[in-house]
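J.: Handing over start-v4.cif, mmCIF, C-alpha atoms.
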data_data
#
loop_
_atom_site.label_atom_id
_atom_site.label_comp_id
_atom_site.auth_asym_id
_atom_site.auth_seq_id
_atom_site.Cartn_x
_atom_site.Cartn_y
_atom_site.Cartn_z
CA MET A 1 -49.97 -36.51 84.90
CA ASP A 2 -49.00 -35.50 88.41
CA GLY A 3 -46.10 -33.45 87.12
CA ILE A 4 -43.99 -30.50 88.13
CA HIS A 5 -46.16 -28.28 85.89
CA ASP A 6 -49.16 -28.64 88.20
CA LEU A 7 -48.20 -25.73 90.43
CA GLY A 8 -51.45 -24.43 91.86
CA GLY A 9 -51.30 -24.12 95.65
CA LYS A 10 -47.73 -25.43 96.01
CA HIS A 11 -45.40 -23.92 98.60
CA GLY A 12 -41.79 -22.89 98.34
CA TYR A 13 -41.58 -20.81 95.18
CA GLY A 14 -40.95 -17.53 96.94
CA LYS A 15 -41.79 -14.01 95.91
CA VAL A 16 -43.10 -13.05 92.50
CA ASP A 17 -40.21 -11.53 90.61
CA ARG A 18 -42.10 -8.87 88.71
CA GLN A 19 -39.64 -7.44 86.23
CA ALA A 20 -41.33 -4.22 85.20
CA GLY A 21 -40.75 -3.27 81.61
CA ALA A 22 -39.17 -6.59 80.70
CA PRO A 23 -39.15 -7.08 76.94
CA THR A 24 -41.31 -9.71 75.25
CA PHE A 25 -38.19 -11.71 74.48
CA ALA A 26 -35.35 -11.23 76.96
CA ALA A 27 -32.85 -12.72 74.51
CA ILE A 28 -32.89 -13.63 70.86
CA TRP A 29 -32.91 -17.35 71.61
CA GLU A 30 -36.33 -16.97 73.25
CA ALA A 31 -37.80 -15.63 70.00
CA LYS A 32 -36.04 -18.47 68.18
CA VAL A 33 -37.74 -20.98 70.46
CA PHE A 34 -41.08 -19.37 69.64
CA ALA A 35 -40.34 -19.74 65.92
CA ILE A 36 -39.14 -23.32 66.44
CA MET A 37 -42.31 -24.17 68.37
CA MET A 38 -44.46 -22.97 65.48
CA ALA A 39 -42.28 -24.67 62.84
CA THR A 40 -42.38 -27.89 64.85
CA GLY A 41 -46.17 -27.78 64.72
CA ALA A 42 -46.13 -27.02 61.00
CA ALA A 43 -43.82 -30.02 60.47
CA GLY A 44 -46.39 -32.24 62.15
CA ALA A 45 -44.36 -33.08 65.26
CA TRP A 46 -47.28 -31.96 67.38
CA LYS A 47 -50.80 -31.86 66.08
CA ASN A 48 -52.68 -29.67 68.51
CA SER A 49 -52.00 -27.46 71.51
CA ASP A 50 -53.09 -30.18 73.94
CA GLN A 51 -50.33 -32.39 72.61
CA PHE A 52 -47.75 -29.59 72.79
CA ARG A 53 -48.73 -28.80 76.38
CA HIS A 54 -48.20 -32.45 77.22
CA PHE A 55 -44.75 -32.44 75.61
CA VAL A 56 -43.86 -29.51 77.87
CA GLU A 57 -45.27 -31.27 80.94
CA LYS A 58 -43.04 -34.26 80.27
CA ILE A 59 -39.72 -32.40 80.30
CA GLU A 60 -37.12 -32.97 82.98
CA PRO A 61 -38.62 -31.57 86.22
CA ALA A 62 -35.51 -29.68 87.36
CA ALA A 63 -35.29 -28.10 83.91
CA TYR A 64 -38.98 -27.19 84.11
CA LEU A 65 -38.20 -25.02 87.12
CA SER A 66 -34.81 -23.68 86.10
CA HIS A 67 -34.89 -23.19 82.33
CA GLY A 68 -37.64 -20.58 82.23
CA TYR A 69 -40.69 -20.40 80.04
CA TYR A 70 -38.94 -20.57 76.68
CA GLY A 71 -36.55 -23.19 78.02
CA ARG A 72 -39.64 -25.30 78.75
CA TRP A 73 -40.91 -24.75 75.23
CA LEU A 74 -37.49 -25.74 73.88
CA GLY A 75 -37.74 -28.98 75.83
CA GLY A 76 -41.27 -29.55 74.54
CA ALA A 77 -40.33 -28.86 70.92
CA GLU A 78 -37.23 -31.07 71.07
CA THR A 79 -39.25 -33.89 72.64
CA ALA A 80 -41.88 -33.56 69.91
CA LEU A 81 -39.29 -33.56 67.11
CA VAL A 82 -37.44 -36.61 68.44
CA GLU A 83 -40.61 -38.59 69.14
CA ALA A 84 -41.84 -37.78 65.63
CA GLY A 85 -38.55 -39.03 64.18
CA LEU A 86 -37.72 -35.66 62.58
CA ILE A 87 -34.43 -35.26 64.44
CA GLU A 88 -32.26 -37.48 66.63
CA SER A 89 -31.12 -36.52 70.11
CA GLU A 90 -27.52 -37.53 69.31
CA GLN A 91 -27.50 -35.37 66.21
CA LEU A 92 -28.67 -32.37 68.22
CA SER A 93 -26.21 -32.98 71.06
CA ALA A 94 -23.37 -33.21 68.53
CA ARG A 95 -24.43 -29.87 67.06
CA VAL A 96 -24.53 -28.37 70.56
CA GLU A 97 -20.91 -29.37 71.12
CA GLN A 98 -19.92 -27.93 67.73
CA LEU A 99 -21.40 -24.63 68.86
CA GLY A 100 -19.36 -24.64 72.05
CA GLY A 101 -21.93 -26.15 74.39
CA SER A 102 -21.15 -28.77 76.97
CA GLY A 103 -22.39 -32.33 76.84
CA GLY A 104 -22.88 -32.16 80.59
CA ASP A 105 -25.58 -29.49 80.58
CA LEU A 106 -29.02 -30.42 81.84
CA ILE A 107 -31.24 -31.18 78.85
CA ALA A 108 -34.91 -30.40 79.27
CA ALA A 109 -36.21 -32.78 76.61
CA ARG A 110 -36.90 -36.33 77.66
CA PRO A 111 -38.28 -38.00 74.57
CA GLN A 112 -39.57 -41.50 74.88
CA LEU A 113 -38.33 -43.90 72.22
CA ARG A 114 -40.17 -43.53 68.97
CA GLY A 115 -43.45 -45.35 69.06
CA GLN A 116 -43.47 -45.58 72.83
CA SER A 117 -45.45 -42.46 73.49
CA ILE A 118 -49.05 -43.08 74.37
CA ASN A 119 -51.23 -43.74 71.32
CA ARG A 120 -49.83 -41.10 69.04
CA GLU A 121 -50.74 -42.98 65.88
CA THR A 122 -53.82 -41.01 64.95
CA PRO A 123 -53.52 -37.53 66.39
CA SER A 124 -56.26 -35.20 65.38
CA VAL A 125 -55.36 -32.29 63.15
CA SER A 126 -58.24 -29.91 63.16
CA ARG A 127 -58.76 -27.20 60.61
CA ALA A 128 -61.35 -25.61 62.87
CA ARG A 129 -60.52 -22.14 64.16
CA THR A 130 -61.47 -22.97 67.71
CA ALA A 131 -61.70 -26.07 69.88
CA GLN A 132 -65.45 -25.52 70.36
CA ARG A 133 -67.62 -28.41 69.08
CA ASP A 134 -71.29 -29.37 69.12
CA VAL A 135 -72.24 -31.87 71.81
CA ASP A 136 -75.47 -33.03 73.40
CA ALA A 137 -76.79 -31.19 76.43
CA GLY A 138 -74.68 -31.77 79.52
CA LEU A 139 -75.50 -33.44 82.81
CA PHE A 140 -75.29 -30.33 84.95
CA SER A 141 -77.10 -27.02 85.29
CA VAL A 142 -75.98 -23.70 86.71
CA GLY A 143 -76.17 -23.89 90.50
CA ASP A 144 -75.56 -27.65 90.70
CA ALA A 145 -73.10 -28.90 93.30
CA VAL A 146 -70.46 -31.15 91.74
CA LEU A 147 -67.66 -33.31 93.12
CA THR A 148 -64.44 -33.43 91.11
CA SER A 149 -62.66 -36.66 90.29
CA SER A 150 -60.02 -38.00 92.66
CA GLU A 151 -58.38 -39.99 89.86
CA VAL A 152 -54.65 -39.53 89.21
CA LYS A 153 -53.93 -40.04 85.49
CA PRO A 154 -50.53 -40.70 83.90
CA GLY A 155 -51.35 -38.64 80.79
CA HIS A 156 -52.49 -35.13 79.99
CA THR A 157 -55.39 -33.74 81.98
CA ARG A 158 -56.68 -30.29 82.88
CA LEU A 159 -57.99 -30.97 86.36
CA PRO A 160 -55.30 -29.49 88.61
CA ALA A 161 -54.26 -31.59 91.60
CA TYR A 162 -55.37 -28.91 94.06
CA ALA A 163 -58.95 -29.22 92.80
CA ARG A 164 -59.20 -33.04 92.87
CA ASN A 165 -61.93 -34.55 95.02
CA LYS A 166 -63.43 -31.13 95.85
CA VAL A 167 -66.99 -29.89 95.84
CA GLY A 168 -67.79 -26.86 93.72
CA GLU A 169 -70.71 -25.13 92.10
CA ILE A 170 -71.45 -24.89 88.38
CA VAL A 171 -71.53 -21.20 87.45
CA THR A 172 -71.27 -21.25 83.62
CA ILE A 173 -71.97 -23.80 80.89
CA HIS A 174 -69.64 -23.32 77.93
CA GLY A 175 -70.96 -26.01 75.57
CA GLY A 176 -68.83 -28.65 73.86
CA TRP A 177 -65.05 -28.37 73.65
CA VAL A 178 -62.31 -30.71 72.46
CA TYR A 179 -61.31 -32.98 75.36
CA PRO A 180 -57.60 -32.46 76.09
CA ASP A 181 -57.27 -35.79 77.91
CA SER A 182 -57.90 -37.69 74.66
CA ASN A 183 -56.75 -35.15 72.08
CA ALA A 184 -53.25 -34.86 73.57
CA HIS A 185 -52.75 -38.60 73.07
CA GLY A 186 -54.02 -39.06 69.54
CA LEU A 187 -57.30 -40.52 70.77
CA GLY A 188 -59.44 -38.02 68.92
CA GLU A 189 -61.25 -34.88 69.96
CA GLN A 190 -64.03 -36.61 71.91
CA PRO A 191 -65.64 -33.24 72.70
CA LYS A 192 -67.18 -32.82 76.15
CA GLN A 193 -69.27 -30.24 77.92
CA LEU A 194 -67.14 -27.60 79.61
CA TYR A 195 -68.21 -25.82 82.78
CA THR A 196 -66.85 -23.05 84.93
CA VAL A 197 -66.91 -24.35 88.49
CA LYS A 198 -66.58 -22.14 91.57
CA PHE A 199 -64.67 -23.48 94.58
CA ALA A 200 -64.64 -21.88 98.00
CA SER A 201 -61.17 -21.37 99.42
CA SER A 202 -62.23 -23.34 102.53
CA GLU A 203 -63.06 -26.33 100.29
CA LEU A 204 -59.74 -26.19 98.44
CA TRP A 205 -57.40 -25.67 101.39
CA GLY A 206 -59.45 -26.86 104.36
CA GLU A 207 -61.93 -25.04 106.60
CA THR A 208 -59.42 -24.49 109.37
CA SER A 209 -56.64 -23.43 106.99
CA GLN A 210 -55.23 -19.94 107.18
CA TYR A 211 -55.95 -19.81 103.44
CA ALA A 212 -59.71 -20.20 103.95
CA GLU A 213 -61.52 -16.89 103.61
CA ALA A 214 -65.27 -16.67 103.28
CA ASN A 215 -65.12 -14.24 100.37
CA VAL A 216 -62.26 -15.81 98.38
CA SER A 217 -62.96 -18.37 95.68
CA VAL A 218 -61.27 -19.96 92.67
CA TYR A 219 -62.97 -20.54 89.33
CA LEU A 220 -61.83 -23.41 87.11
CA ASP A 221 -62.94 -24.51 83.65
CA LEU A 222 -63.58 -28.24 83.93
CA PHE A 223 -64.73 -30.92 81.47
CA GLU A 224 -67.74 -33.04 82.31
CA PRO A 225 -65.82 -36.32 82.80
CA TYR A 226 -63.98 -34.67 85.72
CA LEU A 227 -67.28 -34.09 87.51
CA GLN A 228 -70.01 -36.04 89.23
CA SER A 229 -73.13 -34.92 90.99
CA ASP A 230 -72.42 -34.16 94.64
CA SER A 231 -75.24 -36.13 96.22
CA VAL A 232 -74.32 -35.23 99.80
CA ASN A 233 -74.77 -31.53 99.23
CA GLU A 234 -77.96 -32.05 97.25
CA CYS A 235 -79.73 -34.17 99.87
CA MET B 236 -26.21 -6.70 56.84
CA ASN B 237 -29.64 -8.26 57.06
CA ASP B 238 -31.61 -8.64 60.26
CA ASP B 239 -30.66 -12.25 60.68
CA GLN B 240 -26.97 -11.47 60.66
CA LYS B 241 -27.53 -8.68 63.14
CA HIS B 242 -29.23 -11.11 65.51
CA HIS B 243 -26.37 -13.54 65.22
CA ASP B 244 -23.78 -10.84 65.79
CA HIS B 245 -25.74 -9.61 68.76
CA ASP B 246 -25.60 -13.10 70.23
CA HIS B 247 -21.86 -13.28 69.73
CA ASP B 248 -21.47 -10.12 71.75
CA HIS B 249 -22.41 -12.03 74.87
CA GLU B 250 -19.42 -13.67 76.49
CA GLU B 251 -21.32 -16.63 77.86
CA LYS B 252 -24.43 -18.06 76.30
CA SER B 253 -26.77 -20.08 78.42
CA PRO B 254 -27.03 -23.79 77.64
CA GLN B 255 -30.60 -23.17 76.49
CA ALA B 256 -29.43 -20.48 74.06
CA ILE B 257 -26.83 -22.83 72.59
CA ARG B 258 -29.23 -25.74 72.32
CA THR B 259 -31.76 -23.46 70.65
CA GLU B 260 -29.18 -22.38 68.08
CA ALA B 261 -28.21 -25.99 67.47
CA LEU B 262 -31.84 -26.98 66.96
CA GLU B 263 -32.45 -23.94 64.77
CA SER B 264 -29.53 -24.82 62.49
CA LEU B 265 -30.65 -28.45 62.17
CA LEU B 266 -34.21 -27.45 61.35
CA ILE B 267 -33.09 -24.90 58.76
CA GLU B 268 -30.89 -27.57 57.12
CA LYS B 269 -33.82 -29.95 57.02
CA GLY B 270 -36.06 -27.31 55.49
CA LEU B 271 -38.37 -27.35 58.51
CA LEU B 272 -37.64 -23.78 59.62
CA SER B 273 -37.34 -20.66 57.52
CA GLU B 274 -34.34 -18.40 58.08
CA HIS B 275 -36.79 -15.50 58.42
CA ALA B 276 -39.06 -17.20 60.94
CA VAL B 277 -37.46 -15.60 63.98
CA ASP B 278 -37.65 -12.12 62.47
CA ASP B 279 -41.33 -12.72 61.72
CA VAL B 280 -41.93 -13.75 65.33
CA ILE B 281 -40.21 -10.63 66.65
CA ALA B 282 -42.04 -8.36 64.24
CA ASN B 283 -45.37 -9.92 65.05
CA TYR B 284 -45.24 -10.53 68.79
CA ALA B 285 -42.67 -8.10 70.12
CA GLN B 286 -43.81 -5.20 67.96
CA ARG B 287 -47.37 -5.67 66.67
CA VAL B 288 -49.26 -7.73 69.25
CA GLY B 289 -49.27 -6.06 72.62
CA PRO B 290 -51.50 -5.02 75.49
CA MET B 291 -52.80 -2.03 73.56
CA ASN B 292 -55.67 -4.09 72.17
CA GLY B 293 -56.91 -4.91 75.64
CA ALA B 294 -56.37 -1.31 76.75
CA LEU B 295 -58.52 -0.15 73.85
CA LEU B 296 -61.35 -2.46 74.96
CA VAL B 297 -61.08 -1.24 78.55
CA ALA B 298 -61.13 2.43 77.58
CA ARG B 299 -64.12 1.90 75.32
CA ALA B 300 -65.97 0.00 78.05
CA TRP B 301 -65.36 2.89 80.46
CA THR B 302 -66.90 5.39 78.06
CA ASP B 303 -69.54 3.34 76.22
CA ALA B 304 -72.07 1.65 78.52
CA GLU B 305 -73.65 -0.34 75.72
CA PHE B 306 -70.26 -1.76 74.66
CA LYS B 307 -69.38 -2.53 78.28
CA GLN B 308 -72.59 -4.53 78.61
CA ARG B 309 -71.77 -6.51 75.47
CA LEU B 310 -68.17 -7.06 76.58
CA LEU B 311 -69.23 -8.45 79.94
CA SER B 312 -72.06 -10.62 78.59
CA ASN B 313 -70.21 -12.07 75.57
CA ALA B 314 -66.69 -10.78 75.03
CA THR B 315 -66.00 -13.14 72.13
CA GLN B 316 -68.82 -11.52 70.13
CA ALA B 317 -68.10 -8.02 71.41
CA ILE B 318 -64.50 -8.07 70.13
CA ALA B 319 -65.27 -9.81 66.82
CA GLU B 320 -65.48 -6.47 65.00
CA TYR B 321 -61.82 -5.74 65.83
CA ASP B 322 -60.47 -8.95 64.26
CA PHE B 323 -57.50 -8.86 66.65
CA GLN B 324 -54.57 -11.00 65.52
CA GLY B 325 -52.25 -12.95 67.77
CA GLY B 326 -54.46 -15.79 68.92
CA GLN B 327 -55.69 -17.15 72.24
CA VAL B 328 -59.00 -15.25 72.16
CA ASP B 329 -61.28 -17.87 70.61
CA HIS B 330 -63.47 -17.72 73.68
CA LEU B 331 -62.86 -14.65 75.77
CA VAL B 332 -64.55 -13.87 79.07
CA VAL B 333 -64.18 -10.41 80.61
CA VAL B 334 -64.73 -10.08 84.36
CA GLU B 335 -65.32 -6.69 85.97
CA ASN B 336 -63.52 -5.33 89.01
CA THR B 337 -65.69 -3.19 91.29
CA PRO B 338 -65.21 -1.59 94.71
CA GLU B 339 -66.71 -4.75 96.24
CA ARG B 340 -65.18 -7.46 94.05
CA HIS B 341 -61.67 -8.06 92.73
CA ASN B 342 -60.83 -10.55 89.97
CA ALA B 343 -57.40 -11.98 89.14
CA VAL B 344 -56.37 -14.33 86.32
CA VAL B 345 -53.81 -17.15 86.24
CA CYS B 346 -53.01 -20.43 84.52
CA THR B 347 -51.65 -22.81 87.14
CA LEU B 348 -51.09 -25.71 84.71
CA CYS B 349 -49.21 -23.89 81.96
CA SER B 350 -49.35 -20.35 80.65
CA CYS B 351 -52.74 -19.59 79.09
CA TYR B 352 -53.38 -15.88 78.64
CA PRO B 353 -55.30 -14.08 75.86
CA TRP B 354 -52.38 -13.06 73.64
CA ALA B 355 -54.38 -11.02 71.16
CA VAL B 356 -55.56 -8.58 73.83
CA LEU B 357 -52.67 -8.71 76.34
CA GLY B 358 -49.74 -9.45 74.06
CA LEU B 359 -47.33 -12.23 74.97
CA PRO B 360 -47.28 -12.41 78.76
CA PRO B 361 -44.19 -11.34 80.69
CA LYS B 362 -42.11 -14.09 82.23
CA TRP B 363 -43.44 -13.79 85.76
CA TYR B 364 -47.06 -14.52 84.76
CA LYS B 365 -45.76 -17.98 83.81
CA ASP B 366 -43.30 -18.52 86.65
CA PRO B 367 -43.95 -20.91 89.54
CA ALA B 368 -44.27 -18.19 92.22
CA TYR B 369 -47.31 -16.48 90.71
CA ARG B 370 -48.89 -19.71 89.46
CA SER B 371 -48.59 -21.50 92.80
CA ARG B 372 -49.59 -18.68 95.12
CA ILE B 373 -52.37 -16.67 93.49
CA VAL B 374 -54.90 -19.49 93.88
CA ARG B 375 -53.93 -20.30 97.47
CA GLU B 376 -53.36 -16.87 99.01
CA PRO B 377 -54.52 -14.20 96.57
CA ARG B 378 -55.03 -11.48 99.19
CA ALA B 379 -51.59 -11.97 100.72
CA LEU B 380 -49.87 -12.21 97.34
CA LEU B 381 -51.59 -9.15 95.92
CA ALA B 382 -50.66 -7.18 99.05
CA GLU B 383 -47.07 -8.32 98.67
CA MET B 384 -47.18 -7.12 95.06
CA GLY B 385 -48.35 -3.67 96.13
CA LEU B 386 -52.11 -4.13 95.95
CA PRO B 387 -53.54 -4.34 99.48
CA LEU B 388 -57.25 -5.22 99.35
CA ASP B 389 -59.54 -4.69 102.30
CA LYS B 390 -60.77 -7.92 103.91
CA LYS B 391 -64.30 -6.95 102.92
CA ILE B 392 -63.49 -7.09 99.21
CA GLU B 393 -64.43 -10.38 97.60
CA ILE B 394 -61.66 -12.02 95.55
CA ARG B 395 -62.29 -14.30 92.59
CA VAL B 396 -59.31 -16.05 91.01
CA TRP B 397 -59.83 -17.42 87.49
CA ASP B 398 -57.55 -20.39 86.74
CA SER B 399 -57.62 -20.85 82.95
CA SER B 400 -57.68 -24.64 82.83
CA ALA B 401 -59.33 -24.99 79.38
CA GLU B 402 -59.50 -22.86 76.21
CA VAL B 403 -61.56 -20.07 77.77
CA ARG B 404 -59.34 -17.01 78.23
CA TYR B 405 -59.96 -14.38 80.86
CA MET B 406 -59.34 -10.66 80.98
CA VAL B 407 -60.11 -8.28 83.82
CA LEU B 408 -61.96 -5.02 83.21
CA PRO B 409 -60.20 -2.81 85.76
CA MET B 410 -61.92 0.06 87.55
CA ARG B 411 -61.64 3.44 85.89
CA PRO B 412 -59.31 5.69 87.86
CA ALA B 413 -60.74 8.73 89.60
CA HIS B 414 -60.19 12.20 88.14
CA THR B 415 -60.23 11.00 84.55
CA GLU B 416 -63.48 12.67 83.55
CA GLY B 417 -63.27 14.34 80.20
CA MET B 418 -60.39 12.22 78.96
CA THR B 419 -60.69 10.77 75.47
CA GLN B 420 -60.72 7.03 74.84
CA ASP B 421 -57.15 7.22 73.58
CA GLU B 422 -56.00 9.08 76.69
CA LEU B 423 -57.78 6.54 78.89
CA ALA B 424 -56.32 3.60 76.99
CA ALA B 425 -52.84 4.98 77.69
CA LEU B 426 -53.54 4.57 81.43
CA VAL B 427 -54.38 0.87 81.18
CA SER B 428 -51.55 -1.52 82.04
CA ARG B 429 -51.36 -5.19 81.09
CA ASP B 430 -51.06 -6.09 84.78
CA SER B 431 -54.37 -4.37 85.54
CA MET B 432 -56.01 -6.62 82.95
CA ILE B 433 -55.01 -9.76 84.84
CA GLY B 434 -56.00 -8.12 88.12
CA VAL B 435 -52.68 -7.67 89.87
CA GLU B 436 -52.72 -3.89 89.68
CA VAL B 437 -55.31 -1.20 90.30
CA LEU B 438 -55.08 1.81 88.02
CA GLU B 439 -54.62 5.32 89.19
CA ALA B 440 -54.66 8.47 87.16
CA SER B 441 -50.90 8.47 86.89
CA SER B 442 -48.66 11.40 86.23
CA ARG B 443 -49.15 10.58 82.58
CA ALA B 444 -52.80 11.59 82.90
CA GLY B 445 -51.95 15.11 83.87
CA GLN B 446 -49.46 15.64 81.10
CA PRO B 447 -50.30 16.88 77.65
CA SER B 448 -50.27 13.92 75.32
#
Write the structure described by the file as structure tokens, please.
T.:
Amino acid sequence: MDGIHDLGGKHGYGKVDRQAGAPTFAAIWEAKVFAIMMATGAAGAWKNSDQFRHFVEKIEPAAYLSHGYYGRWLGGAETALVEAGLIESEQLSARVEQLGGSGGDLIAARPQLRGQSINRETPSVSRARTAQRDVDAGLFSVGDAVLTSSEVKPGHTRLPAYARNKVGEIVTIHGGWVYPDSNAHGLGEQPKQLYTVKFASSELWGETSQYAEANVSVYLDLFEPYLQSDSVNEC
Amino acid sequence: MNDDQKHHDHDHDHEEKSPQAIRTEALESLLIEKGLLSEHAVDDVIANYAQRVGPMNGALLVARAWTDAEFKQRLLSNATQAIAEYDFQGGQVDHLVVVENTPERHNAVVCTLCSCYPWAVLGLPPKWYKDPAYRSRIVREPRALLAEMGLPLDKKIEIRVWDSSAEVRYMVLPMRPAHTEGMTQDELAALVSRDSMIGVEVLEASSRAGQPS
């Protein structure tokens, strides 16, 4: 989805606020969110990390920017719990007011009505330790020029917007990995070849851009369906 | 008083709780009532991630790579295999790639789409690794951003930014600081910061190096 989470290359976010020595959890509620995230997974409200990432992507965009990292996880966990039918939004909001919270506060979670989320009927629950899977040999070899997809998808995907429709070079072949675009939506693991692809800064931001430097490049890990052979550069 | 009560009392000390803190407590209480969350879960998280899992694992790997050429070779060619013997806990290192900083080439790591960092070697990342400013800018203007963060890199130095868009996790092997000959692996590990292992800091033999440990 073309969401607020897809931040690579965007302008306007200012200076990095590097809080030296900041603790792992700035407040106890952040550790609670971490525990809730794990319990929510154990309760079956999300079945794999692809699905949880997508729950976070779907939260209210202003909350995504203003609620901080654990605030985003809170929104993701609440969305997952409501969509799974394990809690009700009204029940939670009532409890918030009991604890002295205001009904007018911005809520990060934006659950769709139960059963309306995209194909969540048969999410994959893997017992495997990693998301690495056996697949047939891939289409591309190290050194190949590839063109990334220009397709905008409504669901979960791991091709960032800044790297859509760009030409890069295959630098590493990682073998088969669970495909997030299907796994996040209960459509199975559908493992695909994964490649590290190198992109020149001039390709990503434009040759005449002030961000184009001959010796600066970005490396992305991209699944085979995002890629096609770049015939122009190979001719 | 058990730990849980202490946490709750600590919370009550704050005059104003953020809406997120209140909503978290509300959700926590509902989940405990429904038997979906243990009352000890938050203490376990703090014990595990705030106290046990931290950047010291990564620092140990870096210090060993600086002093053991054979290990360094294994770490750079297949980090997942090279670290298997340690059995690090904490997750997010199922497929680890270590990239080496040299005088000619600088590597930096980010996750522009979410917040993917190798927890078991770096610990849980600090907030700013996951904030929009770092995520948006490091891919577009790494040299300018690093300079702004106190790491000016000569124009001649190549920069490679690794955007962790799948399950591969990246860690930077920083350059060994000068004037650290003769230091033990433990002393060297103490010099290695988490930030140097995502490539936003270059290590120097700090004042710590000159002090008796």
J.: Within 6 Å of range 410-422 of chain B, counting only C-alpha atoms, which residues show up once you throw out same-chain ones fewer than 2 positions away? Write them as an mmCIF file with C-alpha atoms, keeping the file's coordinate frame, please.
T.:
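In the end it all went to around_25.cif:
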data_model
loop_
_atom_site.group_PDB
_atom_site.id
_atom_site.type_symbol
_atom_site.label_atom_id
_atom_site.label_comp_id
_atom_site.auth_asym_id
_atom_site.auth_seq_id
_atom_site.Cartn_x
_atom_site.Cartn_y
_atom_site.Cartn_z
ATOM 1 C CA ALA B 298 -61.130 2.430 77.580
ATOM 2 C CA ASN B 336 -63.520 -5.330 89.010
ATOM 3 C CA ALA B 424 -56.320 3.600 76.990
ATOM 4 C CA ALA B 425 -52.840 4.980 77.690
ATOM 5 C CA LEU B 438 -55.080 1.810 88.020
ATOM 6 C CA GLU B 439 -54.620 5.320 89.190
ATOM 7 C CA ALA B 440 -54.660 8.470 87.160
#
J.: To verify the selection step, state as number ranges by chain which residues the PyMOL selection byres ((chain A and resi 80) around 9) yields on this input.
T.: A: 40-41, 45-46, 51-52, 55, 75-79, 81-86, 109, 111
J.: Find the residues around range 4-6 of chain A up to 12 Å (all atoms listed in the file counted), leave out those fewer than 4 positions away in its own chain, and share them as a count of residues only.
T.: 38
J.: Could you check the closest approach to chain B for each of A:Ser229, A:Asn48, A:Thr172, A:Gln19 and tell me which residue wins, using only C-alpha atoms?
T.: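 When distances to chain B are compared using only C-alpha atoms, the smallest one comes from A:Gln19.
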J.: Work out how far CA of Val332 in chain B is from CA of Trp177 in chain A, in Å to one decimal.
T.: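 That distance, rounded to one decimal, is 15.5 Å.
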J.: Could you state which residues are captured by the PyMOL selection byres ((chain A) within 6 of (chain B)) in this file, as an NGL selection string?
T.: :A and (5-10 or 13-14 or 16 or 18 or 24 or 29 or 32 or 35 or 39 or 95-96 or 130 or 158 or 211 or 215-221)
J.: For the residues in the current selection, export C-alpha atoms as a short mmCIF file (atom, residue, chain, number, x, y, z; two decimals), keeping the file's coordinate frame.
T.:
data_model
loop_
_atom_site.label_atom_id
_atom_site.label_comp_id
_atom_site.auth_asym_id
_atom_site.auth_seq_id
_atom_site.Cartn_x
_atom_site.Cartn_y
_atom_site.Cartn_z
CA HIS A 5 -46.16 -28.28 85.89
CA ASP A 6 -49.16 -28.64 88.20
CA LEU A 7 -48.20 -25.73 90.43
CA GLY A 8 -51.45 -24.43 91.86
CA GLY A 9 -51.30 -24.12 95.65
CA LYS A 10 -47.73 -25.43 96.01
CA TYR A 13 -41.58 -20.81 95.18
CA GLY A 14 -40.95 -17.53 96.94
CA VAL A 16 -43.10 -13.05 92.50
CA ARG A 18 -42.10 -8.87 88.71
CA THR A 24 -41.31 -9.71 75.25
CA TRP A 29 -32.91 -17.35 71.61
CA LYS A 32 -36.04 -18.47 68.18
CA ALA A 35 -40.34 -19.74 65.92
CA ALA A 39 -42.28 -24.67 62.84
CA ARG A 95 -24.43 -29.87 67.06
CA VAL A 96 -24.53 -28.37 70.56
CA THR A 130 -61.47 -22.97 67.71
CA ARG A 158 -56.68 -30.29 82.88
CA TYR A 211 -55.95 -19.81 103.44
CA ASN A 215 -65.12 -14.24 100.37
CA VAL A 216 -62.26 -15.81 98.38
CA SER A 217 -62.96 -18.37 95.68
CA VAL A 218 -61.27 -19.96 92.67
CA TYR A 219 -62.97 -20.54 89.33
CA LEU A 220 -61.83 -23.41 87.11
CA ASP A 221 -62.94 -24.51 83.65
#
J.: The PyMOL selection byres ((chain B and resi 315) around 7) - which residues does that actually catch in the file I just gave you? List them as a list in words.
T.: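 Taken over the shown coordinates, the PyMOL selection byres ((chain B and resi 315) around 7) returns Asn313, Ala314, Gln316, Ala317, Ile318, Ala319, Asp329, His330 and Leu331 of chain B.
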J.: Work out how far apart CA of Lys192 in chain A and CA of Leu227 in chain A are and give it in Å to one decimal.
T.: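 Computing it gives 11.4 Å between the two atoms.
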J.: Neighbours of Val146 in chain A within 7 Å (all atoms listed in the file; same-chain residues fewer than 4 positions away dropped), as a CSV table (one decimal) with C-alpha atoms, in the coordinates of the input?
T.:
chain,number,residue,atom,x,y,z
A,167,VAL,CA,-67.0,-29.9,95.8
A,168,GLY,CA,-67.8,-26.9,93.7
A,169,GLU,CA,-70.7,-25.1,92.1
A,227,LEU,CA,-67.3,-34.1,87.5
A,228,GLN,CA,-70.0,-36.0,89.2
A,229,SER,CA,-73.1,-34.9,91.0
A,230,ASP,CA,-72.4,-34.2,94.6
J.: Interatomic distance between CA of Ser428 in chain B and CA of Lys15 in chain A?
T.: 21.1 Å
J.: So that I can check the surroundings of Ser202 in chain A, please list as an MDAnalysis selection string every protein, DNA and RNA residue that reaches within 8 Å of it, counting all atoms listed in the file and ignoring chain neighbours fewer than 6 positions away.
T.: chainID A and resid 208:209 211:214
J.: So, counting only C-alpha atoms, which residue among B:Val427, B:Met406, B:Ala355, B:Leu296 is closest to Gly325 in chain B?
T.: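 Among B:Val427, B:Met406, B:Ala355, B:Leu296, it is B:Ala355 that comes nearest to Gly325 in chain B.
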